[in-house]
file work.pdb (PDB, C-alpha atoms)
ATOM      1  CA  MET W 239     -16.573 104.901 340.117
ATOM      2  CA  THR W 240     -16.211 107.531 342.806
ATOM      3  CA  LEU W 241     -18.725 105.708 345.076
ATOM      4  CA  ILE W 242     -17.201 102.253 344.614
ATOM      5  CA  GLU W 243     -13.564 103.304 345.105
ATOM      6  CA  PRO W 244     -13.783 103.817 348.941
ATOM      7  CA  LEU W 245     -15.464 100.442 349.357
ATOM      8  CA  TYR W 246     -12.822  98.811 347.194
ATOM      9  CA  GLN W 247      -9.998 100.361 349.191
ATOM     10  CA  ARG W 248     -11.618  99.284 352.445
ATOM     11  CA  ALA W 249     -12.043  95.719 351.281
ATOM     12  CA  GLN W 250      -8.468  95.652 349.979
ATOM     13  CA  SER W 251      -7.095  96.866 353.314
ATOM     14  CA  MET W 252      -9.115  94.257 355.164
ATOM     15  CA  TRP W 253      -7.813  91.503 352.892
ATOM     16  CA  LEU W 254      -4.237  92.660 353.337
ATOM     17  CA  GLY W 255      -4.721  92.730 357.109
ATOM     18  CA  PHE W 256      -6.177  89.211 357.031
ATOM     19  CA  VAL W 257      -3.216  87.994 354.974
ATOM     20  CA  GLU W 258      -0.820  89.567 357.445
ATOM     21  CA  VAL W 259      -2.614  87.932 360.395
ATOM     22  CA  MET W 260      -2.910  84.548 358.625
ATOM     23  CA  PRO W 261       0.416  83.192 359.980
ATOM     24  CA  LEU W 262      -0.594  84.253 363.469
ATOM     25  CA  LEU W 263      -3.953  82.484 363.101
ATOM     26  CA  VAL W 264      -2.158  79.341 361.969
ATOM     27  CA  VAL W 265       0.127  79.497 364.976
ATOM     28  CA  ALA W 266      -2.857  80.071 367.305
ATOM     29  CA  ALA W 267      -4.681  77.097 365.745
ATOM     30  CA  ILE W 268      -1.593  74.950 366.289
ATOM     31  CA  CYS W 269      -1.519  76.109 369.924
ATOM     32  CA  LEU W 270      -5.161  75.116 370.408
ATOM     33  CA  LEU W 271      -4.528  71.764 368.731
ATOM     34  CA  LEU W 272      -1.614  71.124 371.049
ATOM     35  CA  THR W 273      -3.763  72.177 373.976
ATOM     36  CA  TRP W 274      -6.380  69.591 373.035
ATOM     37  CA  GLY W 275      -3.718  66.894 372.740
ATOM     38  CA  VAL W 276      -2.120  67.746 376.086
ATOM     39  CA  ALA W 277      -5.502  67.789 377.841
ATOM     40  CA  ALA W 278      -6.469  64.410 376.382
ATOM     41  CA  PHE W 279      -3.105  62.860 377.263
ATOM     42  CA  LEU W 280      -3.133  64.137 380.848
ATOM     43  CA  GLY W 281      -6.726  62.966 381.283
ATOM     44  CA  TYR W 282      -5.742  59.477 380.159
ATOM     45  CA  VAL W 283      -2.765  59.477 382.520
ATOM     46  CA  ILE W 284      -4.876  60.546 385.504
ATOM     47  CA  ARG W 285      -7.587  57.949 384.819
ATOM     48  CA  THR W 286      -5.020  55.187 384.379
ATOM     49  CA  SER W 287      -3.137  56.153 387.531
ATOM     50  CA  LEU W 288      -6.235  56.329 389.717
ATOM     51  CA  ALA W 289      -8.050  53.320 388.251
ATOM     52  CA  ARG W 290      -6.607  50.927 390.835
ATOM     53  CA  SER W 291      -6.822  53.312 393.779
ATOM     54  CA  SER W 292      -9.654  53.629 396.296
ATOM     55  CA  ILE W 293     -10.595  57.123 395.107
ATOM     56  CA  ARG W 294     -14.237  57.519 394.164
ATOM     57  CA  PRO W 295     -14.933  57.548 390.379
ATOM     58  CA  ALA W 296     -16.685  60.922 390.755
ATOM     59  CA  LEU W 297     -13.550  62.389 392.335
ATOM     60  CA  THR W 298     -11.424  61.008 389.497
ATOM     61  CA  GLU W 299     -13.674  62.677 386.936
ATOM     62  CA  LEU W 300     -13.498  65.886 388.946
ATOM     63  CA  LEU W 301      -9.686  65.863 388.856
ATOM     64  CA  VAL W 302      -9.743  65.199 385.107
ATOM     65  CA  SER W 303     -12.188  68.067 384.545
ATOM     66  CA  LEU W 304     -10.120  70.489 386.629
ATOM     67  CA  MET W 305      -6.983  69.495 384.744
ATOM     68  CA  ARG W 306      -8.669  69.997 381.377
ATOM     69  CA  VAL W 307     -10.014  73.408 382.365
ATOM     70  CA  THR W 308      -6.555  74.493 383.536
ATOM     71  CA  VAL W 309      -4.851  73.291 380.339
ATOM     72  CA  TRP W 310      -7.454  74.919 378.117
ATOM     73  CA  VAL W 311      -7.227  78.244 379.978
ATOM     74  CA  ILE W 312      -3.460  78.293 379.550
ATOM     75  CA  GLY W 313      -3.658  77.282 375.883
ATOM     76  CA  THR W 314      -6.343  79.876 375.140
ATOM     77  CA  LEU W 315      -4.275  82.624 376.771
ATOM     78  CA  ILE W 316      -1.244  81.675 374.667
ATOM     79  CA  ALA W 317      -3.313  81.643 371.476
ATOM     80  CA  ALA W 318      -4.826  85.041 372.340
ATOM     81  CA  THR W 319      -1.396  86.609 372.898
ATOM     82  CA  VAL W 320      -0.210  85.185 369.572
ATOM     83  CA  ILE W 321      -3.122  86.711 367.638
ATOM     84  CA  PHE W 322      -3.077  90.008 369.543
ATOM     85  CA  PRO W 323       0.561  90.836 370.351
ATOM     86  CA  SER W 324      -0.446  93.954 372.291
ATOM     87  CA  LEU W 325      -2.421  91.777 374.724
ATOM     88  CA  THR W 326       0.123  90.860 377.397
ATOM     89  CA  PRO W 327      -0.334  88.018 379.926
ATOM     90  CA  GLY W 328      -0.468  90.599 382.727
ATOM     91  CA  LYS W 329      -3.517  92.282 381.209
ATOM     92  CA  LEU W 330      -5.194  88.919 380.668
ATOM     93  CA  LEU W 331      -4.606  87.873 384.277
ATOM     94  CA  THR W 332      -6.024  91.185 385.480
ATOM     95  CA  VAL W 333      -9.181  90.683 383.448
ATOM     96  CA  LEU W 334      -9.485  87.093 384.653
ATOM     97  CA  GLY W 335      -9.027  88.188 388.287
ATOM     98  CA  LEU W 336     -11.796  90.757 388.112
ATOM     99  CA  GLY W 337     -14.031  88.336 386.258
ATOM    100  CA  SER W 338     -13.433  85.562 388.796
ATOM    101  CA  VAL W 339     -14.498  87.849 391.662
ATOM    102  CA  ALA W 340     -17.731  88.745 389.894
ATOM    103  CA  VAL W 341     -18.442  85.117 389.012
ATOM    104  CA  GLY W 342     -17.684  84.006 392.572
ATOM    105  CA  LEU W 343     -20.168  86.459 394.029
ATOM    106  CA  ALA W 344     -22.832  85.542 391.491
ATOM    107  CA  PHE W 345     -22.468  81.770 391.911
ATOM    108  CA  LYS W 346     -21.637  81.594 395.626
ATOM    109  CA  ASP W 347     -24.013  78.711 396.394
ATOM    110  CA  ILE W 348     -22.828  76.673 393.413
ATOM    111  CA  PHE W 349     -19.176  76.996 394.408
ATOM    112  CA  GLU W 350     -20.068  76.237 398.028
ATOM    113  CA  ASN W 351     -21.719  72.962 396.997
ATOM    114  CA  PHE W 352     -18.800  72.234 394.681
ATOM    115  CA  PHE W 353     -16.106  72.533 397.356
ATOM    116  CA  ALA W 354     -18.286  70.716 399.885
ATOM    117  CA  GLY W 355     -18.616  67.841 397.411
ATOM    118  CA  VAL W 356     -14.846  67.724 396.945
ATOM    119  CA  LEU W 357     -14.290  67.565 400.713
ATOM    120  CA  ILE W 358     -16.948  64.870 401.141
ATOM    121  CA  MET W 359     -15.276  62.754 398.462
ATOM    122  CA  LEU W 360     -11.845  63.216 400.008
ATOM    123  CA  ARG W 361     -12.940  62.508 403.585
ATOM    124  CA  ARG W 362     -15.157  59.550 402.620
ATOM    125  CA  PRO W 363     -17.580  59.886 405.568
ATOM    126  CA  MET W 364     -20.099  57.679 403.801
ATOM    127  CA  ARG W 365     -20.094  55.061 401.085
ATOM    128  CA  ILE W 366     -22.426  54.178 398.266
ATOM    129  CA  ASN W 367     -25.404  52.131 399.575
ATOM    130  CA  ASP W 368     -24.938  53.471 403.100
ATOM    131  CA  PHE W 369     -28.158  54.456 404.875
ATOM    132  CA  VAL W 370     -27.762  57.968 406.305
ATOM    133  CA  GLU W 371     -29.863  60.497 408.187
ATOM    134  CA  CYS W 372     -29.338  64.270 408.216
ATOM    135  CA  GLU W 373     -31.834  66.761 409.653
ATOM    136  CA  GLN W 374     -34.964  64.623 409.135
ATOM    137  CA  VAL W 375     -33.742  63.475 405.708
ATOM    138  CA  ARG W 376     -33.138  59.726 405.554
ATOM    139  CA  GLY W 377     -32.215  57.503 402.666
ATOM    140  CA  ARG W 378     -29.724  55.204 400.990
ATOM    141  CA  VAL W 379     -26.798  56.872 399.214
ATOM    142  CA  GLU W 380     -27.053  56.134 395.500
ATOM    143  CA  LYS W 381     -24.649  58.655 394.005
ATOM    144  CA  ILE W 382     -22.286  61.415 395.136
ATOM    145  CA  THR W 383     -21.455  64.172 392.675
ATOM    146  CA  VAL W 384     -19.534  67.414 393.068
ATOM    147  CA  ARG W 385     -22.744  69.377 393.663
ATOM    148  CA  GLU W 386     -25.339  67.085 395.260
ATOM    149  CA  THR W 387     -25.860  63.666 396.802
ATOM    150  CA  TYR W 388     -28.627  61.308 395.673
ATOM    151  CA  LEU W 389     -30.559  59.667 398.536
ATOM    152  CA  ARG W 390     -33.161  56.967 397.909
ATOM    153  CA  LYS W 391     -35.781  56.816 400.665
ATOM    154  CA  THR W 392     -37.299  53.532 401.837
ATOM    155  CA  ASP W 393     -40.573  54.363 400.065
ATOM    156  CA  GLY W 394     -38.768  54.729 396.714
ATOM    157  CA  GLN W 395     -38.589  58.527 396.548
ATOM    158  CA  LEU W 396     -35.349  60.125 395.355
ATOM    159  CA  VAL W 397     -34.028  63.119 397.308
ATOM    160  CA  LEU W 398     -31.286  65.368 395.899
ATOM    161  CA  VAL W 399     -29.443  66.881 398.847
ATOM    162  CA  PRO W 400     -26.952  69.747 398.283
ATOM    163  CA  ASN W 401     -23.476  68.806 399.447
ATOM    164  CA  SER W 402     -23.190  71.983 401.520
ATOM    165  CA  PHE W 403     -26.230  70.819 403.537
ATOM    166  CA  LEU W 404     -24.526  67.508 404.342
ATOM    167  CA  PHE W 405     -21.226  69.222 405.077
ATOM    168  CA  LYS W 406     -22.675  71.773 407.538
ATOM    169  CA  ASN W 407     -25.055  69.491 409.466
ATOM    170  CA  PRO W 408     -24.474  66.298 411.463
ATOM    171  CA  VAL W 409     -24.823  63.170 409.341
ATOM    172  CA  HIS W 410     -25.747  59.866 410.997
ATOM    173  CA  VAL W 411     -24.378  56.927 408.989
ATOM    174  CA  LEU W 412     -26.706  54.191 410.256
ATOM    175  CA  THR W 413     -25.026  51.377 408.309
ATOM    176  CA  ASP W 414     -21.416  52.313 408.988
ATOM    177  CA  LEU W 415     -21.053  48.974 410.847
ATOM    178  CA  PRO W 416     -22.726  45.671 409.903
ATOM    179  CA  ILE W 417     -24.694  45.637 413.179
ATOM    180  CA  ARG W 418     -26.040  48.313 415.507
ATOM    181  CA  ARG W 419     -27.989  48.529 418.746
ATOM    182  CA  PHE W 420     -31.739  48.969 419.073
ATOM    183  CA  ASP W 421     -33.828  49.985 422.101
ATOM    184  CA  LEU W 422     -37.359  49.192 423.210
ATOM    185  CA  VAL W 423     -39.360  50.344 426.264
ATOM    186  CA  VAL W 424     -41.506  47.690 427.995
ATOM    187  CA  GLY W 425     -43.817  48.521 430.907
ATOM    188  CA  VAL W 426     -45.198  46.146 433.565
ATOM    189  CA  ALA W 427     -47.664  46.763 436.386
ATOM    190  CA  TYR W 428     -46.404  47.997 439.759
ATOM    191  CA  SER W 429     -47.804  44.892 441.420
ATOM    192  CA  GLU W 430     -45.451  42.610 439.447
ATOM    193  CA  ASP W 431     -42.078  41.402 440.698
ATOM    194  CA  ILE W 432     -39.241  43.268 438.970
ATOM    195  CA  ASP W 433     -36.735  40.412 438.943
ATOM    196  CA  THR W 434     -39.307  37.976 437.576
ATOM    197  CA  ALA W 435     -40.298  40.365 434.783
ATOM    198  CA  ARG W 436     -36.635  40.923 433.837
ATOM    199  CA  ARG W 437     -35.966  37.181 433.744
ATOM    200  CA  VAL W 438     -39.028  36.512 431.572
ATOM    201  CA  ILE W 439     -37.962  39.189 429.069
ATOM    202  CA  LEU W 440     -34.396  37.828 428.861
ATOM    203  CA  GLU W 441     -35.605  34.278 428.321
ATOM    204  CA  ALA W 442     -38.042  35.445 425.641
ATOM    205  CA  LEU W 443     -35.237  37.013 423.582
ATOM    206  CA  SER W 444     -32.739  34.192 423.970
ATOM    207  CA  HIS W 445     -34.159  32.200 421.033
ATOM    208  CA  ILE W 446     -34.544  34.964 418.417
ATOM    209  CA  GLU W 447     -32.241  34.327 415.451
ATOM    210  CA  GLU W 448     -32.240  37.937 414.226
ATOM    211  CA  ILE W 449     -30.445  39.097 417.401
ATOM    212  CA  GLU W 450     -26.642  39.122 417.579
ATOM    213  CA  HIS W 451     -26.366  37.115 420.812
ATOM    214  CA  GLN W 452     -22.590  37.531 421.019
ATOM    215  CA  ARG W 453     -23.171  41.181 421.952
ATOM    216  CA  GLY W 454     -25.777  40.151 424.508
ATOM    217  CA  VAL W 455     -29.262  41.381 425.414
ATOM    218  CA  GLU W 456     -29.620  44.032 428.123
ATOM    219  CA  VAL W 457     -32.694  44.721 430.260
ATOM    220  CA  TYR W 458     -32.626  47.678 432.668
ATOM    221  CA  ALA W 459     -35.279  49.151 434.928
ATOM    222  CA  ARG W 460     -35.867  52.534 433.353
ATOM    223  CA  GLU W 461     -38.266  54.710 435.365
ATOM    224  CA  PHE W 462     -41.458  54.930 437.375
ATOM    225  CA  ASN W 463     -44.019  55.854 434.763
ATOM    226  CA  ALA W 464     -47.584  57.027 435.334
ATOM    227  CA  SER W 465     -49.126  53.550 435.144
ATOM    228  CA  SER W 466     -46.198  51.149 434.848
ATOM    229  CA  LEU W 467     -42.653  50.377 435.808
ATOM    230  CA  ASP W 468     -40.710  50.666 432.559
ATOM    231  CA  PHE W 469     -37.772  48.556 431.358
ATOM    232  CA  THR W 470     -35.296  49.434 428.623
ATOM    233  CA  VAL W 471     -34.571  46.426 426.409
ATOM    234  CA  ARG W 472     -31.439  46.624 424.229
ATOM    235  CA  TRP W 473     -30.222  44.219 421.585
ATOM    236  CA  TRP W 474     -27.872  44.176 418.583
ATOM    237  CA  ALA W 475     -28.964  43.239 415.076
ATOM    238  CA  ALA W 476     -28.147  43.948 411.426
ATOM    239  CA  SER W 477     -28.088  47.662 410.658
ATOM    240  CA  GLN W 478     -30.115  47.759 407.428
ATOM    241  CA  PRO W 479     -33.624  49.290 407.744
ATOM    242  CA  ILE W 480     -35.390  46.059 406.798
ATOM    243  CA  ASP W 481     -33.323  44.153 409.378
ATOM    244  CA  MET W 482     -34.295  46.696 412.018
ATOM    245  CA  HIS W 483     -38.004  46.169 411.342
ATOM    246  CA  GLN W 484     -37.664  42.382 411.315
ATOM    247  CA  SER W 485     -35.735  42.179 414.577
ATOM    248  CA  ARG W 486     -38.063  44.651 416.322
ATOM    249  CA  ASP W 487     -41.089  42.631 415.186
ATOM    250  CA  LYS W 488     -39.613  39.437 416.610
ATOM    251  CA  VAL W 489     -38.654  41.118 419.894
ATOM    252  CA  VAL W 490     -42.054  42.748 420.485
ATOM    253  CA  THR W 491     -43.918  39.534 419.647
ATOM    254  CA  ALA W 492     -41.708  37.371 421.873
ATOM    255  CA  ILE W 493     -41.955  39.745 424.869
ATOM    256  CA  LYS W 494     -45.742  40.010 424.603
ATOM    257  CA  ARG W 495     -46.211  36.240 424.459
ATOM    258  CA  ALA W 496     -43.781  35.587 427.300
ATOM    259  CA  LEU W 497     -45.372  38.138 429.638
ATOM    260  CA  ASP W 498     -48.865  36.825 428.877
ATOM    261  CA  THR W 499     -47.740  33.243 429.535
ATOM    262  CA  ALA W 500     -46.126  34.231 432.834
ATOM    263  CA  GLY W 501     -49.233  36.136 433.895
ATOM    264  CA  ILE W 502     -47.392  39.453 434.087
ATOM    265  CA  GLU W 503     -49.638  42.410 433.374
ATOM    266  CA  ILE W 504     -48.803  45.013 430.748
ATOM    267  CA  PRO W 505     -51.029  47.783 432.133
ATOM    268  CA  PHE W 506     -53.160  50.269 430.336
ATOM    269  CA  PRO W 507     -52.740  53.901 431.419
ATOM    270  CA  TYR W 508     -54.370  54.413 434.828
ATOM    271  CA  ARG W 509     -55.654  57.770 436.076
ATOM    272  CA  THR W 510     -56.398  58.601 439.691
ATOM    273  CA  LEU W 511     -58.673  61.573 440.367
ATOM    274  CA  THR W 512     -58.220  63.396 443.708
ATOM    275  CA  PHE W 513     -60.778  65.952 444.932
ATOM    276  CA  LYS W 514     -60.011  68.621 447.499
ATOM    277  CA  GLU W 515     -63.403  68.184 449.225
ATOM    278  CA  PRO W 516     -65.128  64.852 449.975
ATOM    279  CA  LEU W 517     -67.983  63.820 447.697
ATOM    280  CA  THR W 518     -71.292  62.663 449.214
ATOM    281  CA  LEU W 519     -74.134  60.708 447.662
ATOM    282  CA  LYS W 520     -77.661  62.027 448.227
ATOM    283  CA  ASP W 521     -80.421  59.645 449.401
ATOM    284  CA  ARG W 522     -77.942  56.849 450.117
ATOM    285  CA  SER W 523     -80.632  55.082 452.233
ATOM    286  CA  ILE W 524     -82.966  54.902 449.274
ATOM    287  CA  LEU W 525     -80.339  53.143 447.193
ATOM    288  CA  LYS W 526     -79.983  50.521 449.967
ATOM    289  CA  ASP W 527     -83.733  49.820 450.086
ATOM    290  CA  PRO W 528     -84.172  46.098 449.191
ATOM    291  CA  THR W 529     -87.692  46.706 447.916
ATOM    292  CA  LEU W 530     -86.370  48.986 445.196
ATOM    293  CA  LYS W 531     -86.282  47.101 441.914
ATOM    294  CA  ASP W 532     -85.254  49.774 439.421
ATOM    295  CA  PRO W 533     -83.170  52.688 440.792
ATOM    296  CA  SER W 534     -83.777  54.568 437.581
ATOM    297  CA  THR W 535     -87.397  55.072 438.636
ATOM    298  CA  LEU W 536     -86.335  57.270 441.542
ATOM    299  CA  LYS W 537     -87.737  60.746 441.346
ATOM    300  CA  ASN W 538     -85.387  63.658 441.483
ATOM    301  CA  PRO W 539     -86.161  65.493 444.768
ATOM    302  CA  SER W 540     -85.721  68.769 443.017
ATOM    303  CA  THR W 541     -88.431  67.876 440.476
ATOM    304  CA  PRO W 542     -91.900  69.137 441.548
ATOM    305  CA  GLU W 543     -94.586  66.468 441.794
ATOM    306  CA  ALA W 544     -97.910  66.532 439.977
ATOM    307  CA  GLY W 545    -100.346  68.993 441.547
ATOM    308  CA  ASP W 546     -97.642  71.430 442.580
ATOM    309  CA  ASP W 547     -97.133  74.730 440.896
ATOM    310  CA  ALA W 548     -95.272  73.250 438.032
ATOM    311  CA  PRO W 549     -95.574  73.940 434.342
ATOM    312  CA  PRO W 550     -97.503  71.309 432.407
ATOM    313  CA  ALA W 551     -95.534  68.660 430.651
ATOM    314  CA  ALA W 552     -95.003  69.081 426.971
ATOM    315  CA  PRO W 553     -97.427  67.000 424.916
ATOM    316  CA  THR W 554     -95.983  63.948 423.256
ATOM    317  CA  ARG W 555     -96.582  63.147 419.646
TER     318      ARG W 555
END
call {"tool": "encode", "arguments": {"input": "work.pdb", "output": "structure tokens"}}
result
Amino acid sequence: MTLIEPLYQRAQSMWLGFVEVMPLLVVAAICLLLTWGVAAFLGYVIRTSLARSSIRPALTELLVSLMRVTVWVIGTLIAATVIFPSLTPGKLLTVLGLGSVAVGLAFKDIFENFFAGVLIMLRRPMRINDFVECEQVRGRVEKITVRETYLRKTDGQLVLVPNSFLFKNPVHVLTDLPIRRFDLVVGVAYSEDIDTARRVILEALSHIEEIEHQRGVEVYAREFNASSLDFTVRWWAASQPIDMHQSRDKVVTAIKRALDTAGIEIPFPYRTLTFKEPLTLKDRSILKDPTLKDPSTLKNPSTPEAGDDAPPAAPTR
């Protein structure tokens, strides 16, 4: 009986303490239940209010999540102060402040991508299905979340790009407008007439349907290249990648056919070799001898003839 009595008293004191705290637990549970109801109601209000707006769905979900986290933090703090009366809101805020600093330092990159995603959604620099390029990364935008952006490359690969990467570096939105300009360099021989070559190129592109002829086709003399006089050909066409390939194919084919038909040469690279000292050919008179049938039978003057002090030829097998 002596051994059991301390355990009995301990259990009795714990039960009495639980009974005393029971009303506080009920109140805390009611607070949490109200917190859940308020969070659900505010989430419904935010979704309904932003359903007809132009805000991205991902940004709407972000606002709902932030609202829920805020409501639950406040409700949890109230419930904690109800259960533990000695725990004041000031002490809780102090603990949360120190904890937030530690968490911020530990998850710096995550928060950086998070805020970059929020700014990208608010600024709307690119839309879903836009084709973008950023630091050698190219692809079609499939999805924008608060942490990363999903880019689908033309070969089918999916690239997950951190939002901070897109926010810090220049982003080229190639399909921001329905049409965009394309360039092509065409070279002709120096012996060809410049005006004639320009006219042939313009006439060749005047019948291509893929070109936006309202914006016009431009042909400019570009530079004196090593083996050709180069022209810059500019035209406007649809901005999608497949449209770019189709229009470029038509333009290159039409220019090649037109220049060939007009007899205008598209030169290969030429190379001119210049020597500081003049070169001379030995035994030039022998090469002009009409009696010589096969020049390859000429003997090298530096080769000793048979009978001289020359080493014997190697035997053939």
call {"tool": "atom_distance", "arguments": {"input": "work.pdb", "atom1": "CA of Glu299 in chain W", "atom2": "CA of Thr383 in chain W"}}
result
9.8 Å
call {"tool": "closest_residue", "arguments": {"input": "work.pdb", "among": "W:Leu262, W:Ile348, W:Val411, W:Leu301", "to": "Leu360 in chain W", "atoms": "all atoms listed in the file"}}
result
W:Leu301
call {"tool": "resolve_selection", "arguments": {"input": "work.pdb", "expression": "the PyMOL selection byres ((chain W and resi 407) around 12)", "output": "compact mmCIF listing (two decimals) with C-alpha atoms, in the frame of the given file"}}
result
# COMPACT_ATOMS: atom_id res chain seq x y z
CA ALA W 354 -18.29 70.72 399.88
CA GLU W 371 -29.86 60.50 408.19
CA CYS W 372 -29.34 64.27 408.22
CA GLU W 373 -31.83 66.76 409.65
CA GLN W 374 -34.96 64.62 409.14
CA VAL W 375 -33.74 63.48 405.71
CA VAL W 399 -29.44 66.88 398.85
CA PRO W 400 -26.95 69.75 398.28
CA ASN W 401 -23.48 68.81 399.45
CA SER W 402 -23.19 71.98 401.52
CA PHE W 403 -26.23 70.82 403.54
CA LEU W 404 -24.53 67.51 404.34
CA PHE W 405 -21.23 69.22 405.08
CA LYS W 406 -22.68 71.77 407.54
CA PRO W 408 -24.47 66.30 411.46
CA VAL W 409 -24.82 63.17 409.34
CA HIS W 410 -25.75 59.87 411.00
call {"tool": "resolve_selection", "arguments": {"input": "work.pdb", "expression": "the PyMOL selection byres ((chain W and resi 418) around 9)", "output": "list in words"}}
result
Leu412, Thr413, Asp414, Leu415, Pro416, Ile417, Arg419, Phe420, Trp473, Trp474, Ala475, Ala476 and Ser477 of chain W
call {"tool": "closest_residue", "arguments": {"input": "work.pdb", "among": "W:Val438, W:Asp368, W:Val424, W:Glu386", "to": "Phe349 in chain W", "atoms": "only C-alpha atoms"}}
result
W:Glu386
call {"tool": "residues_around", "arguments": {"input": "work.pdb", "residues": "Ile268 in chain W", "least_positions_apart": "2", "cutoff": "12 Å", "atoms": "all atoms listed in the file", "output": "PyMOL selection string"}}
result
chain W and resi 261-266+270-275+313-314+316-317+320-321
call {"tool": "closest_residue", "arguments": {"input": "work.pdb", "among": "W:Leu467, W:Ala289, W:Val309, W:Leu440", "to": "Val276 in chain W", "atoms": "all atoms listed in the file"}}
result
W:Val309
call {"tool": "resolve_selection", "arguments": {"input": "work.pdb", "expression": "the PyMOL selection byres ((chain W and resi 510) around 10)", "output": "list in words"}}
result
Ala464, Ser465, Tyr508, Arg509, Leu511 and Thr512 of chain W
call {"tool": "atom_distance", "arguments": {"input": "work.pdb", "atom1": "CA of Val311 in chain W", "atom2": "CA of Met260 in chain W"}}
result
22.7 Å
call {"tool": "axis_aligned_box", "arguments": {"input": "work.pdb", "around": "range 403-420 of chain W", "padding_each_side": "5 Å", "output": "JSON"}}
result
{"center_x": -26.4, "center_y": 58.7, "center_z": 411.3, "size_x": 20.7, "size_y": 36.1, "size_z": 25.5}
call {"tool": "atom_distance", "arguments": {"input": "work.pdb", "atom1": "CA of Ile480 in chain W", "atom2": "CA of Gly377 in chain W"}}
result
12.6 Å
call {"tool": "closest_residue", "arguments": {"input": "work.pdb", "among": "W:Val302, W:Leu422, W:Ala427, W:Pro295", "to": "Ile382 in chain W", "atoms": "only C-alpha atoms"}}
result
W:Pro295
call {"tool": "residues_around", "arguments": {"input": "work.pdb", "residues": "Ser444 in chain W", "least_positions_apart": "2", "cutoff": "10 Å", "atoms": "only C-alpha atoms", "output": "list of chain:residue names"}}
result
W:Ile439, W:Leu440, W:Glu441, W:Ala442, W:Ile446, W:Glu447, W:Ile449, W:His451, W:Gly454, W:Val455, W:Val489, W:Ala492
